[in-house]
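entry03.cif (mmCIF, C-alpha atoms and all ligand atoms)
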```cif
data_entry
loop_
_atom_site.label_atom_id
_atom_site.label_comp_id
_atom_site.auth_asym_id
_atom_site.auth_seq_id
_atom_site.Cartn_x
_atom_site.Cartn_y
_atom_site.Cartn_z
CA MET X 1 14.79 -8.30 17.85
CA LYS X 2 12.59 -10.33 20.20
CA GLY X 3 13.46 -14.05 20.42
CA GLN X 4 10.07 -15.17 19.16
CA ASN X 5 10.34 -12.89 16.16
CA ARG X 6 13.79 -14.26 15.33
CA VAL X 7 12.30 -17.75 15.19
CA MET X 8 9.47 -16.52 12.98
CA LYS X 9 11.79 -14.68 10.61
CA ALA X 10 14.00 -17.78 10.36
CA SER X 11 11.00 -19.90 9.33
CA LEU X 12 10.27 -17.67 6.32
CA ASP X 13 11.04 -19.28 2.97
CA LYS X 14 13.55 -16.82 1.50
CA ASN X 15 12.83 -18.15 -1.99
CA ASN X 16 9.13 -17.34 -1.80
CA ILE X 17 8.97 -13.73 -0.64
CA PRO X 18 6.23 -11.73 -2.41
CA LYS X 19 7.64 -9.19 -4.87
CA HIS X 20 4.81 -6.79 -4.09
CA ILE X 21 3.00 -6.41 -0.76
CA ALA X 22 0.06 -4.01 -0.33
CA ILE X 23 -1.17 -2.87 3.08
CA ILE X 24 -4.45 -1.26 4.17
CA MET X 25 -3.26 0.50 7.32
CA ASP X 26 -6.48 0.52 9.35
CA GLY X 27 -7.49 0.96 12.98
CA ASN X 28 -5.74 4.16 14.11
CA GLY X 29 -8.93 5.78 15.37
CA ARG X 30 -10.03 2.73 17.38
CA TRP X 31 -6.52 2.34 18.82
CA ALA X 32 -6.71 5.90 20.18
CA GLN X 33 -10.29 5.57 21.38
CA LYS X 34 -9.37 2.45 23.34
CA LYS X 35 -6.87 4.61 25.19
CA GLY X 36 -9.48 7.30 25.78
CA ALA X 37 -7.69 9.64 23.36
CA MET X 38 -8.70 11.58 20.24
CA ARG X 39 -8.53 9.81 16.87
CA VAL X 40 -5.56 11.89 15.72
CA PHE X 41 -3.52 10.44 18.58
CA GLY X 42 -3.84 7.12 16.75
CA HIS X 43 -2.60 8.61 13.48
CA ARG X 44 0.41 10.14 15.28
CA ASN X 45 1.23 6.76 16.78
CA ALA X 46 1.11 5.02 13.42
CA ILE X 47 4.56 6.16 12.32
CA THR X 48 6.39 3.28 14.02
CA ALA X 49 4.19 0.78 12.18
CA VAL X 50 4.92 2.52 8.88
CA ARG X 51 8.65 2.43 9.59
CA GLU X 52 8.60 -1.23 10.70
CA SER X 53 6.71 -2.36 7.63
CA ILE X 54 9.03 -0.42 5.28
CA GLU X 55 12.17 -1.71 6.99
CA GLY X 56 10.77 -5.22 7.33
CA CYS X 57 9.90 -5.47 3.63
CA SER X 58 13.18 -3.93 2.55
CA GLU X 59 15.19 -6.40 4.70
CA LEU X 60 13.39 -9.34 3.10
CA GLY X 61 14.04 -8.13 -0.44
CA VAL X 62 10.44 -7.19 -1.28
CA ASP X 63 10.58 -5.09 -4.47
CA PHE X 64 7.38 -3.06 -4.04
CA LEU X 65 5.44 -2.05 -0.92
CA THR X 66 2.17 -0.16 -1.40
CA LEU X 67 0.70 1.62 1.61
CA TYR X 68 -2.90 2.87 1.52
CA ALA X 69 -2.59 6.15 3.40
CA PHE X 70 -5.66 8.15 2.35
CA SER X 71 -8.63 7.09 0.22
CA THR X 72 -10.85 9.18 -2.03
CA GLU X 73 -13.63 8.46 0.47
CA ASN X 74 -11.50 9.70 3.40
CA TRP X 75 -12.13 13.28 2.15
CA SER X 76 -15.57 12.88 3.82
CA ARG X 77 -13.98 12.79 7.29
CA PRO X 78 -14.16 15.77 9.68
CA LYS X 79 -12.05 18.69 8.47
CA ASP X 80 -9.85 18.66 11.59
CA GLU X 81 -8.94 15.02 11.10
CA ILE X 82 -8.08 15.56 7.42
CA GLU X 83 -5.86 18.53 8.31
CA ALA X 84 -4.07 16.54 11.00
CA LEU X 85 -3.51 13.65 8.58
CA MET X 86 -2.08 15.94 5.89
CA GLU X 87 0.21 17.64 8.41
CA LEU X 88 1.41 14.26 9.60
CA LEU X 89 2.10 13.18 6.06
CA VAL X 90 4.40 16.15 5.47
CA GLN X 91 6.19 15.48 8.75
CA THR X 92 6.59 11.74 8.09
CA MET X 93 8.01 12.31 4.61
CA SER X 94 10.66 14.70 5.92
CA GLU X 95 11.54 12.46 8.85
CA GLU X 96 11.69 9.25 6.83
CA THR X 97 13.69 10.57 3.88
CA PRO X 98 17.10 9.84 5.53
CA THR X 99 15.93 6.27 6.31
CA MET X 100 14.82 5.83 2.70
CA MET X 101 18.19 7.08 1.49
CA LYS X 102 20.04 4.78 3.90
CA ASN X 103 18.01 1.78 2.75
CA ASN X 104 18.15 2.69 -0.98
CA ILE X 105 14.33 3.09 -1.14
CA ARG X 106 12.57 5.02 -3.89
CA LEU X 107 9.28 6.77 -3.16
CA ILE X 108 6.44 7.10 -5.65
CA THR X 109 2.74 7.89 -5.21
CA ILE X 110 -0.51 6.71 -6.73
CA GLY X 111 -3.82 8.56 -6.55
CA ASP X 112 -5.04 12.07 -7.19
CA VAL X 113 -2.06 13.77 -5.50
CA ASP X 114 -2.88 17.10 -7.18
CA SER X 115 -5.89 17.31 -4.86
CA LEU X 116 -3.66 17.35 -1.75
CA PRO X 117 -2.88 20.66 -0.03
CA GLU X 118 -0.04 22.47 -1.83
CA LYS X 119 2.47 22.02 1.01
CA CYS X 120 1.86 18.27 1.06
CA HIS X 121 2.17 17.99 -2.69
CA GLN X 122 5.44 19.96 -2.75
CA ASN X 123 6.85 17.92 0.11
CA LEU X 124 6.03 14.66 -1.63
CA LYS X 125 7.58 15.86 -4.88
CA GLU X 126 10.71 16.83 -2.98
CA THR X 127 11.03 13.36 -1.38
CA MET X 128 10.36 11.68 -4.72
CA ARG X 129 13.10 13.75 -6.34
CA THR X 130 15.57 13.00 -3.55
CA THR X 131 14.93 9.25 -3.68
CA ALA X 132 14.43 8.92 -7.46
CA ALA X 133 17.79 7.29 -8.19
CA ASN X 134 17.53 4.68 -5.42
CA THR X 135 17.54 1.16 -6.78
CA GLY X 136 16.30 -0.94 -3.84
CA MET X 137 12.65 -1.30 -2.84
CA THR X 138 10.00 1.00 -4.31
CA LEU X 139 7.63 2.43 -1.71
CA ILE X 140 4.28 3.34 -3.26
CA VAL X 141 2.08 5.57 -1.13
CA ALA X 142 -1.58 5.66 -2.15
CA LEU X 143 -2.95 9.13 -1.46
CA SER X 144 -6.38 10.41 -2.38
CA TYR X 145 -6.56 7.06 -4.12
CA SER X 146 -9.36 4.67 -4.93
CA GLY X 147 -9.53 1.77 -7.35
CA ARG X 148 -12.63 3.09 -9.10
CA TRP X 149 -11.09 6.56 -9.49
CA GLU X 150 -8.02 4.93 -11.05
CA ILE X 151 -10.11 2.83 -13.45
CA GLN X 152 -12.05 5.96 -14.42
CA GLN X 153 -8.76 7.75 -15.23
CA ALA X 154 -7.55 4.78 -17.26
CA VAL X 155 -10.80 4.60 -19.27
CA LYS X 156 -10.59 8.32 -20.09
CA ALA X 157 -6.93 8.05 -21.16
CA ILE X 158 -7.63 5.04 -23.38
CA VAL X 159 -10.71 6.60 -25.00
CA ASN X 160 -8.70 9.74 -25.63
CA LYS X 161 -6.02 7.75 -27.47
CA VAL X 162 -8.65 5.97 -29.57
CA VAL X 163 -10.33 9.26 -30.47
CA ASN X 164 -6.94 10.71 -31.45
CA LYS X 165 -6.23 7.58 -33.50
CA GLU X 166 -3.17 6.70 -31.39
CA LEU X 167 -4.69 3.36 -30.37
CA GLU X 168 -6.76 0.74 -32.23
CA ILE X 169 -9.80 -0.63 -30.37
CA ASP X 170 -8.51 -4.16 -30.96
CA ALA X 171 -5.25 -3.24 -29.21
CA ILE X 172 -7.13 -2.68 -25.93
CA ASP X 173 -6.18 -5.88 -24.13
CA GLN X 174 -5.64 -6.45 -20.41
CA SER X 175 -1.99 -5.44 -20.48
CA GLU X 176 -2.87 -2.20 -22.27
CA ILE X 177 -5.47 -1.44 -19.58
CA GLY X 178 -2.93 -2.33 -16.87
CA ARG X 179 -0.41 0.10 -18.37
CA HIS X 180 -2.95 2.91 -17.97
CA MET X 181 -3.38 2.30 -14.25
CA ASN X 182 -1.32 4.45 -11.87
CA THR X 183 0.65 1.26 -11.17
CA GLY X 184 1.58 0.75 -14.85
CA GLY X 185 4.79 -1.28 -15.05
CA ILE X 186 4.53 -2.52 -11.44
CA PRO X 187 3.62 -6.20 -10.92
CA ASP X 188 0.30 -6.95 -9.19
CA PRO X 189 0.58 -7.52 -5.43
CA GLU X 190 0.82 -11.17 -4.42
CA LEU X 191 -0.21 -10.34 -0.85
CA LEU X 192 -2.63 -7.83 0.69
CA ILE X 193 -2.54 -7.23 4.43
CA ARG X 194 -5.38 -5.38 6.19
CA THR X 195 -5.16 -4.59 9.88
CA SER X 196 -7.93 -3.92 12.44
CA GLY X 197 -10.16 -6.91 11.67
CA GLU X 198 -12.21 -5.30 8.87
CA LEU X 199 -12.90 -7.82 6.11
CA ARG X 200 -13.15 -5.55 3.08
CA ILE X 201 -11.10 -3.99 0.30
CA SER X 202 -12.39 -0.39 0.68
CA ASN X 203 -11.79 0.56 -2.95
CA PHE X 204 -8.07 -0.35 -2.96
CA LEU X 205 -6.24 -1.67 -6.07
CA LEU X 206 -9.41 -3.18 -7.58
CA TRP X 207 -7.84 -3.99 -10.95
CA GLN X 208 -4.52 -5.20 -9.52
CA MET X 209 -5.92 -7.53 -6.85
CA ALA X 210 -7.66 -9.99 -9.16
CA TYR X 211 -5.46 -12.83 -7.82
CA THR X 212 -3.91 -11.33 -4.70
CA GLU X 213 -3.86 -13.45 -1.53
CA LEU X 214 -5.81 -11.60 1.19
CA TYR X 215 -4.60 -11.60 4.79
CA PHE X 216 -6.61 -10.01 7.58
CA THR X 217 -5.37 -9.46 11.12
CA GLU X 218 -7.09 -8.11 14.24
CA VAL X 219 -3.97 -6.08 15.12
CA LEU X 220 -4.70 -2.35 15.00
CA TRP X 221 -2.30 -0.47 12.71
CA PRO X 222 -0.38 1.48 15.42
CA ASP X 223 0.53 -1.90 17.01
CA PHE X 224 1.73 -3.47 13.73
CA ARG X 225 5.39 -4.61 13.90
CA LYS X 226 7.84 -6.68 11.83
CA GLU X 227 6.69 -9.87 13.57
CA HIS X 228 3.15 -9.28 12.22
CA LEU X 229 4.56 -8.74 8.74
CA HIS X 230 6.49 -12.02 9.05
CA GLU X 231 3.31 -13.78 10.25
CA ALA X 232 1.45 -12.52 7.19
CA ILE X 233 4.18 -13.68 4.80
CA ILE X 234 4.30 -17.12 6.45
CA ALA X 235 0.51 -17.39 5.99
CA TYR X 236 0.96 -16.41 2.33
CA GLN X 237 3.67 -19.05 1.88
CA ASN X 238 1.24 -21.70 3.10
CA ARG X 239 -1.41 -20.80 0.53
CA GLU X 240 -1.87 -22.78 -2.66
CA ARG X 241 -2.11 -20.27 -5.51
CA ARG X 242 -4.05 -22.08 -8.20
CA PHE X 243 -5.00 -19.31 -10.67
CA GLY X 244 -8.00 -21.28 -11.83
CA LYS X 245 -6.16 -24.56 -12.29
CA THR X 246 -6.67 -27.72 -10.23
CA GLY X 247 -4.44 -28.50 -7.26
CA GLU X 248 -2.86 -31.40 -9.19
CA GLN X 249 -1.92 -29.22 -12.15
CA ILE X 250 0.20 -26.86 -10.09
CA LYS X 251 2.08 -29.51 -8.09
CA PRO X 252 5.80 -29.28 -9.02
C1 LIG T 301 -6.60 4.19 9.22
O1 LIG T 301 -7.18 4.27 10.47
C2 LIG T 301 -6.04 5.51 8.74
C3 LIG T 301 -6.78 6.15 7.64
C4 LIG T 301 -7.84 5.68 7.05
C5 LIG T 301 -6.28 7.43 7.18
P1 LIG T 301 -8.65 4.82 10.69
O2 LIG T 301 -8.57 6.28 10.89
O3 LIG T 301 -9.55 4.37 9.62
O4 LIG T 301 -9.04 4.13 12.06
P2 LIG T 301 -10.42 3.40 12.43
O5 LIG T 301 -10.71 2.43 11.36
O6 LIG T 301 -11.44 4.48 12.51
O7 LIG T 301 -10.15 2.76 13.74
C1 LIG T 302 -9.28 2.38 4.21
O1 LIG T 302 -9.59 2.57 5.55
C2 LIG T 302 -8.44 3.51 3.71
C3 LIG T 302 -7.11 3.63 4.31
C4 LIG T 302 -6.55 2.81 5.14
C5 LIG T 302 -6.36 4.76 3.86
P1 LIG T 302 -10.99 3.20 6.01
O2 LIG T 302 -11.00 3.17 7.48
O3 LIG T 302 -11.21 4.51 5.36
O4 LIG T 302 -12.02 2.14 5.40
P2 LIG T 302 -13.58 1.90 5.67
O5 LIG T 302 -14.27 3.18 5.45
O6 LIG T 302 -13.71 1.43 7.09
O7 LIG T 302 -13.95 0.82 4.71
MG MG T 303 -10.69 2.73 9.35
#
```

Since I need it in another form, could you write the structure as structure tokens?
Ligand code: IPE
Ligand code: IPE
Ligand code: MG
Amino acid sequence: MKGQNRVMKASLDKNNIPKHIAIIMDGNGRWAQKKGAMRVFGHRNAITAVRESIEGCSELGVDFLTLYAFSTENWSRPKDEIEALMELLVQTMSEETPTMMKNNIRLITIGDVDSLPEKCHQNLKETMRTTAANTGMTLIVALSYSGRWEIQQAVKAIVNKVVNKELEIDAIDQSEIGRHMNTGGIPDPELLIRTSGELRISNFLLWQMAYTELYFTEVLWPDFRKEHLHEAIIAYQNRERRFGKTGEQIKP
């Protein structure tokens, strides 16, 4: 570990680590283009960042890490790029499974995973099966995911229950809606990190991020390391989370 990073890690408040961190892993294409390479070169060089963020969160005792890997809208990209991304996904899952086992990490997915190529889907299911009994951090990979798609699924499921008389209209409160999201049972993220300098949400966790602290960094995803994760958590620890109250009301 670099000296500077050791100092940064030491300055983290161990009693105020977010339980759930969500990351929009952005900037692979620009990273490659800056090097005069094809966009897929950036995706291939993103594995280290994925590994560092998983390990970094696991070391700090984060309970849930959600990584936005492929959005519903990403299906509009050139066919070659989509194929390369799917191939890479299969490869990463196989390569990272031993690390997940070693670190007691459980893998789950959110999104329309049935729409992924069969090989990808099978591979994911295999890794989920292998890691299912792990009791440490839960790694949630968002694939063919978008917040609006998820809300649409939830609305359909709820209406279906009402029509079948399994649910009273008056019982549809916010926790009932939350239970119908793909993330049902998982606490909302306290911290969202987006790399590459883009200041938007891009259809990620719309329902869950009502009160999430947003952290944006210029770092392009393939360059993201544990020190950047620590920087983001330190920034989060310096925020005042008021949830609508006044500053005075939340002072201990
Ligand atoms: C993020 O990097 C990876 C995915 C969206 C799959 P991008 O591919 O969006 O890279 P930029 O934003 O074009 O640089
Ligand atoms: C968001 O990144 C989706 C993922 C990181 C998987 P994009 O690069 O697709 O987002 P936009 O299109 O720039 O908003
Ligand atoms: Mg992008």

* Top pick for closest residue to Ile233 in chain X, considering X:Pro18, X:Gly247, X:Gly111, X:Pro117 and counting only C-alpha atoms ->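 Answer, going by the shortest atom-to-atom distance: X:Pro18.
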
Grab all the atoms of range 84-101 of chain X that the file lists, wrap them in a box along x, y and z, add 8 Å per side, and give me centre plus edge lengths in Å (one decimal) as JSON.
```
{"center_x": 7.1, "center_y": 11.7, "center_z": 6.2, "size_x": 38.3, "size_y": 27.8, "size_z": 25.5}
```

Exercise: range 224-232 of chain X partners within 10 Å, all atoms listed in the file, chain neighbours under 3 positions left out, as a JSON list (two decimals) with C-alpha atoms, in the coordinates of the input:
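Saved result, out-v5.json, follows:
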```json
[["chain", "number", "residue", "atom", "x", "y", "z"],
["X", 1, "MET", "CA", 14.79, -8.30, 17.85],
["X", 2, "LYS", "CA", 12.59, -10.33, 20.20],
["X", 4, "GLN", "CA", 10.07, -15.17, 19.16],
["X", 5, "ASN", "CA", 10.34, -12.89, 16.16],
["X", 6, "ARG", "CA", 13.79, -14.26, 15.33],
["X", 7, "VAL", "CA", 12.30, -17.75, 15.19],
["X", 8, "MET", "CA", 9.47, -16.52, 12.98],
["X", 9, "LYS", "CA", 11.79, -14.68, 10.61],
["X", 10, "ALA", "CA", 14.00, -17.78, 10.36],
["X", 11, "SER", "CA", 11.00, -19.90, 9.33],
["X", 12, "LEU", "CA", 10.27, -17.67, 6.32],
["X", 21, "ILE", "CA", 3.00, -6.41, -0.76],
["X", 23, "ILE", "CA", -1.17, -2.87, 3.08],
["X", 25, "MET", "CA", -3.26, 0.50, 7.32],
["X", 46, "ALA", "CA", 1.11, 5.02, 13.42],
["X", 48, "THR", "CA", 6.39, 3.28, 14.02],
["X", 49, "ALA", "CA", 4.19, 0.78, 12.18],
["X", 50, "VAL", "CA", 4.92, 2.52, 8.88],
["X", 51, "ARG", "CA", 8.65, 2.43, 9.59],
["X", 52, "GLU", "CA", 8.60, -1.23, 10.70],
["X", 53, "SER", "CA", 6.71, -2.36, 7.63],
["X", 54, "ILE", "CA", 9.03, -0.42, 5.28],
["X", 55, "GLU", "CA", 12.17, -1.71, 6.99],
["X", 56, "GLY", "CA", 10.77, -5.22, 7.33],
["X", 57, "CYS", "CA", 9.90, -5.47, 3.63],
["X", 60, "LEU", "CA", 13.39, -9.34, 3.10],
["X", 191, "LEU", "CA", -0.21, -10.34, -0.85],
["X", 192, "LEU", "CA", -2.63, -7.83, 0.69],
["X", 193, "ILE", "CA", -2.54, -7.23, 4.43],
["X", 194, "ARG", "CA", -5.38, -5.38, 6.19],
["X", 195, "THR", "CA", -5.16, -4.59, 9.88],
["X", 196, "SER", "CA", -7.93, -3.92, 12.44],
["X", 214, "LEU", "CA", -5.81, -11.60, 1.19],
["X", 215, "TYR", "CA", -4.60, -11.60, 4.79],
["X", 216, "PHE", "CA", -6.61, -10.01, 7.58],
["X", 217, "THR", "CA", -5.37, -9.46, 11.12],
["X", 218, "GLU", "CA", -7.09, -8.11, 14.24],
["X", 219, "VAL", "CA", -3.97, -6.08, 15.12],
["X", 220, "LEU", "CA", -4.70, -2.35, 15.00],
["X", 221, "TRP", "CA", -2.30, -0.47, 12.71],
["X", 235, "ALA", "CA", 0.51, -17.39, 5.99],
["X", 236, "TYR", "CA", 0.96, -16.41, 2.33],
["X", 237, "GLN", "CA", 3.67, -19.05, 1.88]]
```

Identify, counting only C-alpha atoms and all ligand atoms, the protein, DNA and RNA residues located within 10 Å of ligand LIG 302 (chain T), and give them as an mmCIF file with C-alpha atoms, keeping the file's coordinate frame.
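Saved file result-v3.cif follows:
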```cif
data_model
loop_
_atom_site.group_PDB
_atom_site.id
_atom_site.type_symbol
_atom_site.label_atom_id
_atom_site.label_comp_id
_atom_site.auth_asym_id
_atom_site.auth_seq_id
_atom_site.Cartn_x
_atom_site.Cartn_y
_atom_site.Cartn_z
ATOM 1 C CA ILE X 23 -1.170 -2.870 3.080
ATOM 2 C CA ILE X 24 -4.450 -1.260 4.170
ATOM 3 C CA MET X 25 -3.260 0.500 7.320
ATOM 4 C CA ASP X 26 -6.480 0.520 9.350
ATOM 5 C CA GLY X 27 -7.490 0.960 12.980
ATOM 6 C CA ASN X 28 -5.740 4.160 14.110
ATOM 7 C CA GLY X 29 -8.930 5.780 15.370
ATOM 8 C CA ARG X 30 -10.030 2.730 17.380
ATOM 9 C CA LEU X 67 0.700 1.620 1.610
ATOM 10 C CA TYR X 68 -2.900 2.870 1.520
ATOM 11 C CA ALA X 69 -2.590 6.150 3.400
ATOM 12 C CA PHE X 70 -5.660 8.150 2.350
ATOM 13 C CA SER X 71 -8.630 7.090 0.220
ATOM 14 C CA THR X 72 -10.850 9.180 -2.030
ATOM 15 C CA GLU X 73 -13.630 8.460 0.470
ATOM 16 C CA ASN X 74 -11.500 9.700 3.400
ATOM 17 C CA TRP X 75 -12.130 13.280 2.150
ATOM 18 C CA SER X 76 -15.570 12.880 3.820
ATOM 19 C CA ARG X 77 -13.980 12.790 7.290
ATOM 20 C CA VAL X 141 2.080 5.570 -1.130
ATOM 21 C CA ALA X 142 -1.580 5.660 -2.150
ATOM 22 C CA LEU X 143 -2.950 9.130 -1.460
ATOM 23 C CA SER X 144 -6.380 10.410 -2.380
ATOM 24 C CA TYR X 145 -6.560 7.060 -4.120
ATOM 25 C CA SER X 146 -9.360 4.670 -4.930
ATOM 26 C CA ARG X 194 -5.380 -5.380 6.190
ATOM 27 C CA THR X 195 -5.160 -4.590 9.880
ATOM 28 C CA SER X 196 -7.930 -3.920 12.440
ATOM 29 C CA GLU X 198 -12.210 -5.300 8.870
ATOM 30 C CA LEU X 199 -12.900 -7.820 6.110
ATOM 31 C CA ARG X 200 -13.150 -5.550 3.080
ATOM 32 C CA ILE X 201 -11.100 -3.990 0.300
ATOM 33 C CA SER X 202 -12.390 -0.390 0.680
ATOM 34 C CA ASN X 203 -11.790 0.560 -2.950
ATOM 35 C CA PHE X 204 -8.070 -0.350 -2.960
ATOM 36 C CA TRP X 221 -2.300 -0.470 12.710
#
```

* **Nearest-residue call for Phe41 in chain X, choices X:Ile234, X:Arg148, X:Pro222, X:Thr212, using all atoms listed in the file** => X:Pro222

* To do: Do a neighbour search on Thr138 in chain X at 8 Å with all atoms listed in the file, toss out local chain neighbours closer than 5 positions, and write the hits as a list in words.
  => Asp63, Phe64, Leu65, Ile105, Arg106, Leu107 and Ile108 of chain X

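Using all atoms listed in the file, the shortest contact distance between Met93 in chain X and any of X:Met128, X:Ala154, X:Ala210, X:Ala22 is found at X:Met128.
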
* For ligand MG 303 (chain T), which residue out of X:Gly3, X:Arg39, X:His180, X:Lys156 is the nearest one, using all atoms listed in the file? ->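 Distance minimum relative to ligand MG 303 (chain T) lands on X:Arg39.
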
* To do: Go through X:Asn164, X:Gly197, X:Ala132, X:Lys79 and flag the residue nearest ligand LIG 301 (chain T), using all atoms listed in the file for the distances.
  =>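 Smallest separation from ligand LIG 301 (chain T) among the options: X:Gly197.
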
* Would you work out the distance separating CA of Ile151 in chain X from CA of Met181 in chain X, expressed in Å to one decimal? => 6.8 Å

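Omitting Lys125 in chain X and its sequence neighbours fewer than 5 positions away, and counting all atoms listed in the file, the residues within 10 Å are X:Leu107, X:Ile108, X:Thr109, X:Val113, X:Lys119, X:Cys120, X:Thr130, X:Thr131.
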
* Kindly indicate which residue among X:Ile169, X:Met137, X:Ile17, X:Ala84 lies nearest to Ser58 in chain X, using only C-alpha atoms for the distances. => X:Met137

* To do: Mind giving me the straight-line distance from CA of Leu85 in chain X to atom C1 of ligand LIG 301 (chain T) in Å, one decimal?
  =>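 CA of Leu85 in chain X sits 10.0 Å away from atom C1 of ligand LIG 301 (chain T).
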
* Asked: Suppose you want the space between CA of Thr97 in chain X and CA of Leu124 in chain X; what is it in Å?
  -> 10.3 Å
